[in-house]
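Peer 1: Data file my_file_7.cif (mmCIF, C-alpha atoms) is appended below.
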data_my_file
loop_
_atom_site.label_atom_id
_atom_site.label_comp_id
_atom_site.auth_asym_id
_atom_site.auth_seq_id
_atom_site.Cartn_x
_atom_site.Cartn_y
_atom_site.Cartn_z
CA MET X 6 0.00 0.00 0.00
CA ARG X 7 1.31 3.42 -1.05
CA ILE X 8 -0.67 6.29 0.43
CA LEU X 9 -1.00 9.82 -0.91
CA LEU X 10 -1.94 11.96 2.09
CA VAL X 11 -3.54 15.19 0.86
CA GLY X 12 -3.16 17.89 3.48
CA ALA X 13 -0.63 18.41 6.28
CA GLY X 14 -2.79 20.54 8.55
CA GLY X 15 -3.86 19.40 12.00
CA VAL X 16 -5.57 16.15 10.99
CA GLY X 17 -3.19 15.28 8.15
CA ASP X 18 -0.19 15.83 10.42
CA ALA X 19 -1.76 13.58 13.07
CA ILE X 20 -2.53 10.86 10.51
CA ALA X 21 1.14 10.72 9.52
CA LYS X 22 2.28 10.68 13.15
CA ILE X 23 -0.08 7.82 14.04
CA ALA X 24 0.88 5.87 10.91
CA ALA X 25 4.58 6.27 11.76
CA ARG X 26 4.09 3.66 14.51
CA ARG X 27 2.55 1.15 12.08
CA SER X 28 4.08 -1.08 9.40
CA PHE X 29 1.16 -2.03 7.13
CA TYR X 30 2.10 0.33 4.26
CA GLU X 31 5.08 0.68 1.98
CA HIS X 32 5.21 4.47 1.74
CA ILE X 33 3.25 7.61 2.64
CA VAL X 34 3.64 10.81 0.64
CA VAL X 35 2.62 13.78 2.80
CA THR X 36 1.43 16.59 0.53
CA ASP X 37 0.19 20.12 0.96
CA TYR X 38 -0.24 23.29 -1.08
CA ASP X 39 2.40 24.68 1.28
CA VAL X 40 5.05 21.99 0.94
CA ALA X 41 6.86 23.36 4.01
CA ARG X 42 4.02 22.03 6.18
CA ALA X 43 4.41 18.56 4.68
CA GLU X 44 8.17 18.73 5.18
CA ARG X 45 7.64 19.75 8.82
CA THR X 46 5.54 16.63 9.43
CA VAL X 47 8.17 14.34 7.90
CA ALA X 48 10.90 16.08 9.93
CA TRP X 49 8.92 15.48 13.14
CA ILE X 50 8.69 11.78 12.31
CA ALA X 51 12.43 11.63 11.70
CA GLY X 52 13.12 13.39 14.98
CA ARG X 53 10.78 11.20 17.00
CA HIS X 54 11.22 7.82 15.29
CA GLY X 55 14.54 8.03 13.47
CA ASP X 56 15.66 7.96 9.86
CA GLU X 57 14.62 4.34 9.21
CA VAL X 58 10.97 5.11 9.91
CA ALA X 59 11.15 8.50 8.20
CA ALA X 60 12.46 6.77 5.05
CA ARG X 61 8.91 5.45 4.54
CA PHE X 62 7.67 9.06 4.27
CA SER X 63 8.29 11.84 1.79
CA ALA X 64 6.89 15.32 1.17
CA ASP X 65 5.55 16.91 -1.98
CA SER X 66 3.37 19.82 -3.07
CA ILE X 67 -0.17 19.44 -4.38
CA ASP X 68 -3.09 21.60 -5.46
CA ALA X 69 -6.13 19.97 -3.87
CA SER X 70 -8.44 22.21 -5.91
CA ASP X 71 -7.23 20.69 -9.18
CA PRO X 72 -8.12 17.04 -9.97
CA ASP X 73 -5.31 16.92 -12.54
CA SER X 74 -2.80 17.88 -9.85
CA VAL X 75 -4.13 15.20 -7.52
CA SER X 76 -4.02 12.59 -10.28
CA ALA X 77 -0.53 13.62 -11.37
CA VAL X 78 0.95 13.54 -7.87
CA ALA X 79 -0.74 10.20 -7.17
CA GLY X 80 0.69 8.78 -10.40
CA LYS X 81 4.14 10.22 -9.75
CA HIS X 82 4.37 8.33 -6.45
CA GLY X 83 2.49 5.19 -7.49
CA ALA X 84 -0.21 5.78 -4.89
CA THR X 85 -2.67 2.96 -4.34
CA HIS X 86 -4.75 4.99 -1.86
CA VAL X 87 -5.56 8.69 -1.66
CA MET X 88 -6.30 9.91 1.88
CA ASN X 89 -8.18 13.22 1.83
CA ALA X 90 -7.29 15.29 4.93
CA VAL X 91 -8.32 18.78 3.85
CA GLU X 92 -11.49 20.87 4.07
CA PRO X 93 -14.63 19.32 2.54
CA LYS X 94 -14.82 21.98 -0.18
CA PHE X 95 -11.99 20.06 -1.86
CA VAL X 96 -13.79 16.70 -1.83
CA PRO X 97 -14.99 16.84 -5.50
CA THR X 98 -11.54 17.53 -6.95
CA ILE X 99 -9.63 15.03 -4.80
CA PHE X 100 -12.37 12.43 -5.37
CA ALA X 101 -12.09 12.89 -9.14
CA GLY X 102 -8.29 12.94 -9.08
CA ALA X 103 -8.10 9.68 -7.13
CA LEU X 104 -10.39 7.86 -9.56
CA ALA X 105 -8.48 9.23 -12.56
CA ALA X 106 -5.27 7.88 -11.01
CA GLY X 107 -6.84 4.45 -10.47
CA ALA X 108 -6.41 4.69 -6.70
CA ASP X 109 -8.76 3.91 -3.83
CA TYR X 110 -9.98 6.90 -1.83
CA LEU X 111 -10.79 7.76 1.79
CA ASP X 112 -12.15 10.93 3.36
CA MET X 113 -13.43 12.10 6.74
CA ALA X 114 -16.03 14.59 5.48
CA MET X 115 -18.21 14.22 2.42
CA SER X 116 -19.17 16.48 -0.48
CA LEU X 117 -21.10 19.53 0.69
CA SER X 118 -24.84 20.08 0.64
CA GLU X 119 -26.52 22.95 -1.12
CA PRO X 120 -28.43 25.47 1.01
CA HIS X 121 -31.82 23.96 1.61
CA PRO X 122 -35.09 25.13 3.17
CA VAL X 123 -36.45 23.84 6.47
CA HIS X 124 -38.80 21.16 5.19
CA PRO X 125 -38.48 17.62 3.81
CA PHE X 126 -36.01 17.40 0.95
CA THR X 127 -37.45 17.61 -2.56
CA GLU X 128 -35.99 15.97 -5.63
CA THR X 129 -33.88 19.09 -6.17
CA GLY X 130 -32.30 19.02 -2.72
CA VAL X 131 -28.56 18.28 -2.51
CA LYS X 132 -27.57 16.48 0.67
CA LEU X 133 -24.14 15.80 2.12
CA GLY X 134 -22.49 13.11 0.01
CA ASP X 135 -25.05 13.17 -2.81
CA ASP X 136 -22.43 14.11 -5.38
CA GLN X 137 -20.20 11.23 -4.33
CA PHE X 138 -22.93 8.61 -4.20
CA ALA X 139 -24.06 9.72 -7.67
CA GLN X 140 -20.69 8.49 -8.96
CA ALA X 141 -20.80 5.08 -7.26
CA ALA X 142 -21.25 3.24 -10.56
CA ASP X 143 -18.05 4.80 -11.94
CA TRP X 144 -16.08 3.52 -8.96
CA GLU X 145 -17.66 0.06 -9.19
CA THR X 146 -16.90 -0.16 -12.91
CA ARG X 147 -13.26 0.68 -12.25
CA GLY X 148 -13.13 -1.81 -9.37
CA ARG X 149 -12.05 0.96 -7.00
CA LEU X 150 -13.24 1.76 -3.48
CA ALA X 151 -14.18 5.16 -2.11
CA LEU X 152 -14.55 4.79 1.67
CA VAL X 153 -16.32 7.99 2.67
CA GLY X 154 -16.92 9.54 6.08
CA MET X 155 -14.11 7.57 7.77
CA GLY X 156 -13.05 10.00 10.50
CA VAL X 157 -14.36 9.98 14.03
CA GLU X 158 -17.76 11.61 13.41
CA PRO X 159 -18.54 10.45 10.81
CA GLY X 160 -16.43 7.32 10.97
CA LEU X 161 -16.10 5.70 14.37
CA SER X 162 -19.71 6.63 15.16
CA ASP X 163 -20.77 4.74 12.02
CA VAL X 164 -18.66 1.72 13.01
CA PHE X 165 -20.50 1.80 16.36
CA ALA X 166 -23.83 1.79 14.47
CA ARG X 167 -22.87 -1.35 12.56
CA TYR X 168 -21.68 -3.01 15.78
CA ALA X 169 -24.89 -2.13 17.65
CA ALA X 170 -27.08 -3.51 14.87
CA ASP X 171 -25.09 -6.74 14.57
CA HIS X 172 -24.43 -7.51 18.23
CA LEU X 173 -26.52 -5.47 20.67
CA PHE X 174 -30.02 -4.90 19.28
CA SER X 175 -32.75 -6.85 17.55
CA GLU X 176 -34.56 -3.60 16.68
CA ILE X 177 -33.20 -0.04 16.78
CA ASP X 178 -35.40 2.95 17.55
CA GLU X 179 -32.76 5.68 17.29
CA LEU X 180 -29.12 6.01 16.30
CA GLY X 181 -28.08 9.29 17.86
CA THR X 182 -24.52 10.51 17.49
CA ARG X 183 -23.67 12.66 20.53
CA ASP X 184 -20.44 14.65 20.72
CA GLY X 185 -19.35 16.62 23.78
CA ALA X 186 -16.24 17.85 25.56
CA ASN X 187 -14.96 19.80 28.55
CA LEU X 188 -12.08 21.39 26.63
CA VAL X 189 -10.81 24.81 27.65
CA VAL X 190 -8.31 26.93 25.71
CA ARG X 191 -6.30 29.59 27.58
CA ASP X 192 -3.83 32.18 26.37
CA SER X 193 -0.28 32.53 27.69
CA ASP X 194 -1.61 34.57 30.64
CA GLY X 195 -4.05 31.83 31.62
CA ASN X 196 -7.17 33.63 30.38
CA GLU X 197 -9.84 31.50 28.72
CA ILE X 198 -10.20 32.42 25.04
CA PHE X 199 -12.44 31.56 22.10
CA ALA X 200 -10.50 29.21 19.84
CA PRO X 201 -12.37 26.39 18.02
CA SER X 202 -10.60 23.05 18.34
CA PHE X 203 -11.47 22.08 14.76
CA SER X 204 -11.52 23.86 11.41
CA ILE X 205 -13.77 26.93 11.75
CA TRP X 206 -14.45 26.71 8.00
CA THR X 207 -15.97 23.24 8.48
CA THR X 208 -17.68 24.17 11.75
CA ILE X 209 -19.46 27.13 10.16
CA GLU X 210 -20.59 24.91 7.28
CA GLU X 211 -22.09 22.17 9.40
CA CYS X 212 -23.52 24.34 12.19
CA LEU X 213 -25.24 27.06 10.15
CA ASN X 214 -26.81 24.77 7.56
CA PRO X 215 -30.21 23.38 8.58
CA PRO X 216 -29.58 20.09 10.43
CA VAL X 217 -30.76 16.87 8.83
CA ILE X 218 -32.82 14.20 10.61
CA TRP X 219 -33.86 10.85 9.18
CA GLU X 220 -37.03 8.96 10.10
CA LYS X 221 -38.15 5.71 8.59
CA ASP X 222 -41.64 6.95 7.77
CA LYS X 223 -40.55 10.43 6.57
CA GLY X 224 -37.10 10.04 5.05
CA TRP X 225 -34.61 12.90 5.38
CA TYR X 226 -35.86 16.30 6.52
CA THR X 227 -34.35 19.44 8.03
CA THR X 228 -34.90 21.56 11.13
CA PRO X 229 -33.63 25.03 12.08
CA PRO X 230 -29.97 25.34 13.15
CA PHE X 231 -29.33 24.60 16.85
CA SER X 232 -32.77 23.00 17.26
CA GLU X 233 -34.00 20.49 19.85
CA PRO X 234 -31.47 21.20 22.64
CA GLU X 235 -30.97 18.41 25.15
CA VAL X 236 -28.61 17.80 28.05
CA PHE X 237 -26.55 14.66 27.51
CA THR X 238 -24.32 13.13 30.17
CA PHE X 239 -20.88 12.23 28.81
CA PRO X 240 -18.57 9.69 30.48
CA GLU X 241 -15.10 9.89 32.06
CA GLY X 242 -15.68 13.08 33.99
CA ILE X 243 -16.94 15.24 31.14
CA GLY X 244 -20.46 15.31 32.57
CA ASP X 245 -23.58 17.12 31.38
CA VAL X 246 -23.33 19.05 28.12
CA GLU X 247 -26.17 20.70 26.21
CA CYS X 248 -26.26 19.35 22.65
CA VAL X 249 -28.14 20.66 19.62
CA ASN X 250 -28.97 19.38 16.15
CA VAL X 251 -26.21 19.91 13.60
CA GLU X 252 -25.96 18.88 9.94
CA HIS X 253 -23.64 15.86 9.78
CA GLU X 254 -22.80 12.92 7.55
CA GLU X 255 -23.91 10.16 9.96
CA VAL X 256 -27.54 11.02 9.31
CA LEU X 257 -26.95 10.60 5.57
CA LEU X 258 -24.84 7.45 5.92
CA MET X 259 -26.35 5.24 8.61
CA PRO X 260 -29.81 4.72 7.07
CA ARG X 261 -28.23 3.37 3.88
CA TRP X 262 -26.86 0.28 5.66
CA VAL X 263 -28.35 0.08 9.17
CA ASP X 264 -32.03 -0.50 9.93
CA ALA X 265 -33.30 2.10 12.42
CA LYS X 266 -36.45 4.14 12.95
CA ARG X 267 -34.64 7.44 13.47
CA VAL X 268 -31.11 8.86 13.00
CA THR X 269 -29.84 12.12 14.52
CA PHE X 270 -26.63 14.05 15.23
CA LYS X 271 -26.23 16.45 18.14
CA TYR X 272 -23.16 18.42 19.11
CA GLY X 273 -22.26 20.15 22.38
CA LEU X 274 -21.49 23.69 21.20
CA GLY X 275 -22.30 25.88 24.22
CA GLU X 276 -24.08 29.23 24.35
CA GLU X 277 -20.98 31.31 23.56
CA PHE X 278 -20.11 29.33 20.43
CA ILE X 279 -23.71 29.37 19.19
CA GLY X 280 -23.87 33.12 19.75
CA ILE X 281 -20.66 33.69 17.78
CA LEU X 282 -21.87 31.52 14.90
CA LYS X 283 -25.17 33.43 14.77
CA THR X 284 -23.29 36.74 14.72
CA LEU X 285 -21.03 35.57 11.89
CA HIS X 286 -24.15 34.67 9.93
CA GLN X 287 -25.84 38.00 10.64
CA LEU X 288 -22.75 39.86 9.42
CA GLY X 289 -22.39 37.67 6.33
CA LEU X 290 -19.00 36.43 7.49
CA ASP X 291 -20.05 32.81 6.96
CA LYS X 292 -20.28 33.26 3.18
CA THR X 293 -17.93 31.50 0.77
CA THR X 294 -18.55 33.73 -2.26
CA PRO X 295 -15.53 36.04 -2.63
CA LEU X 296 -15.94 39.77 -2.08
CA ARG X 297 -13.78 42.46 -3.66
CA VAL X 298 -11.86 44.23 -0.88
CA ARG X 299 -9.03 46.71 -0.59
CA SER X 300 -5.50 45.64 0.23
CA ALA X 301 -2.05 47.21 0.34
CA ASN X 302 -1.42 45.82 -3.14
CA GLY X 303 -4.73 46.88 -4.61
CA PRO X 304 -8.18 45.26 -4.78
CA VAL X 305 -8.36 41.50 -4.12
CA GLU X 306 -11.16 38.97 -3.95
CA VAL X 307 -11.51 36.99 -0.72
CA ALA X 308 -14.24 34.84 0.82
CA PRO X 309 -15.48 36.19 4.17
CA ARG X 310 -15.32 32.73 5.73
CA ASP X 311 -11.65 32.44 4.77
CA VAL X 312 -11.00 35.73 6.57
CA VAL X 313 -12.63 34.37 9.73
CA ALA X 314 -10.50 31.25 9.49
CA ALA X 315 -7.34 33.31 8.98
CA GLY X 316 -8.14 35.48 12.00
CA LEU X 317 -8.46 32.57 14.43
CA PRO X 318 -5.65 30.37 15.77
CA ASP X 319 -4.81 27.30 13.68
CA PRO X 320 -6.51 24.40 15.55
CA ALA X 321 -3.33 22.35 15.07
CA THR X 322 -1.44 24.82 17.29
CA LEU X 323 -3.87 24.83 20.23
CA GLY X 324 -2.65 21.71 22.00
CA PRO X 325 -0.24 23.41 24.44
CA PHE X 326 -2.98 25.85 25.50
CA MET X 327 -5.79 23.30 25.80
CA THR X 328 -6.93 21.15 28.72
CA GLY X 329 -9.66 18.56 29.02
CA LYS X 330 -11.19 15.70 27.10
CA THR X 331 -13.39 15.21 24.06
CA CYS X 332 -15.90 12.39 23.63
CA ALA X 333 -17.27 11.00 20.38
CA GLY X 334 -20.01 8.42 20.58
CA LEU X 335 -23.31 6.91 19.54
CA TRP X 336 -26.41 6.71 21.72
CA VAL X 337 -28.61 3.80 20.65
CA THR X 338 -32.11 2.94 21.85
CA GLY X 339 -34.36 0.03 20.98
CA THR X 340 -34.89 -3.63 21.77
CA GLY X 341 -31.93 -5.73 22.85
CA THR X 342 -31.15 -9.20 21.57
CA ASP X 343 -32.97 -10.56 24.66
CA GLY X 344 -36.20 -8.85 23.63
CA GLU X 345 -36.00 -6.27 26.44
CA PRO X 346 -35.74 -2.46 26.06
CA ARG X 347 -32.14 -1.32 25.82
CA GLU X 348 -30.27 2.00 25.74
CA VAL X 349 -26.50 2.15 25.27
CA TYR X 350 -23.84 4.73 24.64
CA LEU X 351 -20.81 3.54 22.66
CA TYR X 352 -17.96 6.00 22.85
CA HIS X 353 -14.28 6.90 22.66
CA VAL X 354 -12.68 9.59 24.81
CA SER X 355 -9.51 11.45 23.84
CA ASP X 356 -7.49 13.27 26.53
CA ASN X 357 -5.52 16.29 25.33
CA GLU X 358 -2.73 15.79 27.88
CA TRP X 359 -2.10 12.28 26.54
CA THR X 360 -2.27 13.12 22.83
CA MET X 361 0.08 16.05 23.31
CA ALA X 362 2.58 13.94 25.24
CA GLU X 363 2.49 11.06 22.76
CA TYR X 364 2.03 12.84 19.42
CA GLU X 365 2.25 16.60 19.95
CA ALA X 366 -1.25 16.78 18.47
CA GLN X 367 -4.29 18.23 20.19
CA CYS X 368 -6.95 15.71 21.08
CA VAL X 369 -9.74 16.66 18.65
CA VAL X 370 -7.62 16.41 15.51
CA TRP X 371 -5.81 13.33 16.86
CA GLN X 372 -9.09 11.50 17.58
CA THR X 373 -10.28 12.32 14.05
CA ALA X 374 -7.01 11.08 12.54
CA LEU X 375 -6.91 7.77 14.39
CA ASN X 376 -9.81 6.12 12.59
CA PRO X 377 -8.76 6.41 8.92
CA VAL X 378 -5.39 4.92 9.87
CA VAL X 379 -7.14 1.91 11.44
CA ALA X 380 -9.33 1.61 8.34
CA LEU X 381 -6.31 1.77 6.02
CA GLU X 382 -4.67 -1.03 7.97
CA LEU X 383 -7.78 -3.21 7.61
CA LEU X 384 -7.85 -2.49 3.87
CA ALA X 385 -4.15 -3.33 3.55
CA ALA X 386 -4.76 -6.68 5.25
CA GLY X 387 -7.80 -7.45 3.09
CA THR X 388 -10.00 -7.62 6.20
CA TRP X 389 -12.10 -4.84 4.70
CA SER X 390 -12.63 -4.81 0.94
CA GLY X 391 -15.13 -3.61 -1.60
CA SER X 392 -15.74 -1.33 -4.55
CA GLY X 393 -17.99 1.63 -5.20
CA VAL X 394 -18.80 4.42 -2.77
CA LEU X 395 -19.26 2.92 0.69
CA GLY X 396 -19.56 4.23 4.24
CA PRO X 397 -18.04 2.60 7.35
CA GLU X 398 -21.37 0.88 8.07
CA ALA X 399 -20.88 -1.31 5.00
CA PHE X 400 -18.05 -3.22 6.74
CA ASP X 401 -17.80 -5.60 9.68
CA ALA X 402 -17.29 -3.49 12.81
CA GLU X 403 -15.66 -6.14 15.00
CA PRO X 404 -12.22 -6.20 13.33
CA PHE X 405 -12.04 -2.42 13.50
CA LEU X 406 -12.95 -2.18 17.18
CA GLU X 407 -10.71 -5.12 18.10
CA LEU X 408 -7.67 -3.66 16.32
CA MET X 409 -8.33 -0.22 17.76
CA ALA X 410 -8.56 -1.50 21.35
CA ARG X 411 -5.80 -4.14 21.25
CA PRO X 412 -2.73 -2.99 23.22
CA GLU X 413 0.11 -1.55 21.18
CA ALA X 414 2.47 -4.18 22.57
CA GLU X 415 0.21 -6.79 20.94
CA GLY X 416 0.00 -5.07 17.56
CA GLY X 417 -3.01 -2.84 18.12
CA TYR X 418 -3.61 0.86 18.68
CA GLY X 419 -4.22 0.72 22.42
CA GLN X 420 -7.38 2.84 22.25
CA ALA X 421 -10.11 1.37 24.42
CA TRP X 422 -13.68 2.22 23.53
CA GLY X 423 -16.52 2.21 26.01
CA LEU X 424 -20.06 0.85 26.21
CA GLU X 425 -22.45 2.20 28.83
CA ASP X 426 -25.71 0.30 29.24
CA ARG X 427 -27.87 3.15 30.47
CA LEU X 428 -30.90 1.07 31.45
CA ALA X 429 -28.88 -1.36 33.56
#
Could you rewrite the structure in this file as structure tokens?

Peer 2:
Amino acid sequence: MRILLVGAGGVGDAIAKIAARRSFYEHIVVTDYDVARAERTVAWIAGRHGDEVAARFSADSIDASDPDSVSAVAGKHGATHVMNAVEPKFVPTIFAGALAAGADYLDMAMSLSEPHPVHPFTETGVKLGDDQFAQAADWETRGRLALVGMGVEPGLSDVFARYAADHLFSEIDELGTRDGANLVVRDSDGNEIFAPSFSIWTTIEECLNPPVIWEKDKGWYTTPPFSEPEVFTFPEGIGDVECVNVEHEEVLLMPRWVDAKRVTFKYGLGEEFIGILKTLHQLGLDKTTPLRVRSANGPVEVAPRDVVAAGLPDPATLGPFMTGKTCAGLWVTGTGTDGEPREVYLYHVSDNEWTMAEYEAQCVVWQTALNPVVALELLAAGTWSGSGVLGPEAFDAEPFLELMARPEAEGGYGQAWGLEDRLA
């Protein structure tokens, strides 16, 4: 397996660092529009793991907005797999470039939706991932696999859905992804500051679009942003966090492979974050259409959302200033295999102190990066295989969860996942 890693930002950097401890691949080419970032990742691996490990990595430049660039760089390095680790606006071009190069493809966020009204989708609605699923036949014809939504959420949450359906429930009422944290970011003087732990570009996209819900008797429909608030209790000391509906891929993926009556996604944002997002929207700073603005070198065109992203700290740099834990998980209700009512929460917690000590990566990006590396290892071994455009739910969950939880000394990743039976 030869992997073309597109993007050396927070998540891409963490993917390379996690993979450096594994041996299932022949080579990983770390690429970025700014090749210095890719070179920095490879240099870190050399410094931490030595030249022998670093020899399995190289750096190169790439233009993720150009499918010909993606295809050319993949061909240049003989890539068998293209791992997309950049913002979802680049999904169409990387997706096309991977197929043109005859490589398999993985991403952690799917093609974007079009703005849609708050009512059930019509035939003209464009949902998350629609553009990719529309090309499934092309991937099947070429005998190539596009494994989409293979991060943490979506990704691990979808693996949990497959596991719950196969091993814990005879009938599922709701698959509810619930994400919460107790993370705090402070400046050098110890003052708490506003600094999103993940890409603000992506956060604006998913939080200000109308959230999607799926129900068996209604199909997919939308609600207003930040709707249906609920307090959810997260494990391992995180505690109660208010969560709200957010547009997310799980709701578009899970119903395709897992039988359930209802699918939702709720995220613990907090009042301050919601207020800031609403203000950005009111000011038009969430828009992606470029505006003509003045600069020292004359008029330039720039997207307001890109300005917001440029004005905030790079999430990849927040680790030293962050404390706390983040929890990704799936709340499942229904009837257990014994015929009795059951309610479980399957989850994984990432502690920033640990991820910084082990990988010099903050916990949110590290937790996202972990899961595609596990998936790539299963693909390399032939444990997972397929063609077309498939989500994580299309594969057996047990090998994934077993490899993820197995101690590193025994060839695994040493990342235990939890299962709380909340009716016990």

Peer 1: For the file shown, report as a list in words the outcome of the PyMOL selection byres ((chain X and resi 368-383) around 7) at residue level.

Peer 2: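 This file gives the following for the PyMOL selection byres ((chain X and resi 368-383) around 7): Gly15, Val16, Ala19, Ile20, Ile23, Ala24, Phe29, Met155, Gly156, Val157, Gly160, Leu161, Ser202, Phe203, Thr331, Ser355, Asp356, Asn357, Thr360, Ala366, Gln367, Leu384, Ala385, Ala386, Gly387, Thr388, Trp389, Phe405 and Met409 of chain X.
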
Peer 1: Applying 12 Å and all atoms listed in the file, which residues near region 297-309 of chain X remain after dropping the ones on its own chain fewer than 6 positions away? List them as an NGL selection string.

Peer 2: :X and (206 or 209 or 285-286 or 288-291 or 315-316)

Peer 1: When you look at Glu413 (chain X) with a cut-off of 12 Å (counting all atoms listed in the file), what residues show up, excluding the ones that are within fewer than 5 positions of it in the same chain? I need them as a list in words.

Peer 2: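 My list of contacting residues is Ile23, Arg26, Arg27, Glu407, Leu408, Tyr418, Gly419, Gln420 and Ala421 of chain X.
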
Peer 1: For Leu406 (chain X), list every protein, DNA or RNA residue within 9 Å, evaluated using all atoms listed in the file, and leave out those in the same chain fewer than 3 positions away; present the list as a list in words.

Peer 2: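 So the residues in contact are Leu161, Val164, Phe165, Tyr168, Ala402, Glu403, Met409, Ala410, Arg411, Ala421 and Trp422 of chain X.
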
Peer 1: Using the chain letters and residue numbers of this document, give as a ChimeraX atom specification the residues selected by the PyMOL selection byres ((chain X and resi 172-187) around 8).

Peer 2: /X:158,162,166,168-171,188-189,237,239,243,246,248,255,264-274,329-342,344,347

Peer 1: Which residues fall under the PyMOL selection byres ((chain X and resi 151-154) around 9) in this file, as an MDAnalysis selection string?

Peer 2: chainID X and resid 100 104 109:115 134 137 141 144 149:150 155:160 163 254:255 258 391:397

Peer 1: Just checking: using only C-alpha atoms, which residue out of X:Thr98, X:Thr238, X:Ser193, X:Gln140 ends up closest to Pro72 (chain X)?

Peer 2: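 Among X:Thr98, X:Thr238, X:Ser193, X:Gln140, it is X:Thr98 that comes nearest to Pro72 (chain X).
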
Peer 1: Grab the CA of Pro229 (chain X) to CA of Val190 (chain X) distance for me, in Å with one decimal place.

Peer 2: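 Going from CA of Pro229 (chain X) over to CA of Val190 (chain X) covers 28.8 Å.
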
Peer 1: Report as a list in words all protein, DNA and RNA residues lying within 12 Å of Glu276 (chain X), evaluated on all atoms listed in the file, omitting residues in the same chain fewer than 4 positions from it.

Peer 2: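 Neighbouring residues, sequence-local ones excluded: Phe231, Pro234, Val246, Glu247, Cys248, Val249, Gly280, Ile281, Leu282 and Lys283 of chain X.
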
Peer 1: X:Asp311, X:Glu31, X:Asp18, X:Glu119: which is nearest Thr294 (chain X), counting only C-alpha atoms?

Peer 2: X:Asp311

Peer 1: May I have the residues within 10 Å of region 42-44 of chain X as a list in words, using only C-alpha atoms and disregarding those fewer than 2 positions away in the same chain?

Peer 2: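 My list of contacting residues is Leu10, Val11, Gly12, Ala13, Gly14, Gly17, Asp18, Ala21, Val34, Val35, Thr36, Asp37, Tyr38, Asp39, Val40, Thr46, Val47, Ala48, Trp49, Ile50, Phe62, Ser63, Ala64, Asp65 and Ser66 of chain X.
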
Peer 1: Work out how far CA of Arg191 (chain X) is from CA of Ala90 (chain X), in Å to one decimal.

Peer 2: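 Computing the Euclidean distance for CA of Ala90 (chain X) and CA of Arg191 (chain X) yields 26.8 Å.
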
Peer 1: Quick one, how far is CA of Glu241 (chain X) from CA of Ala362 (chain X)?

Peer 2: 19.4 Å

Peer 1: Return the single residue from X:Trp262, X:Phe278, X:Trp219, X:Tyr30 that is closest to Val58 (chain X), with distances computed using all atoms listed in the file.

Peer 2: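 Counting all atoms listed in the file, the residue closest to Val58 (chain X) is X:Tyr30.
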
Peer 1: Between X:Ala25, X:Ala69, X:Val217, X:Ile198, which has the minimum distance to Gly52 (chain X) (counting all atoms listed in the file)?

Peer 2: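 So, comparing all the options, the nearest one is X:Ala25.
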
Peer 1: Which is closest to Ala106 (chain X) among X:Leu351, X:Val312, X:Ala79, X:Met88, if we use all atoms listed in the file?

Peer 2: X:Ala79
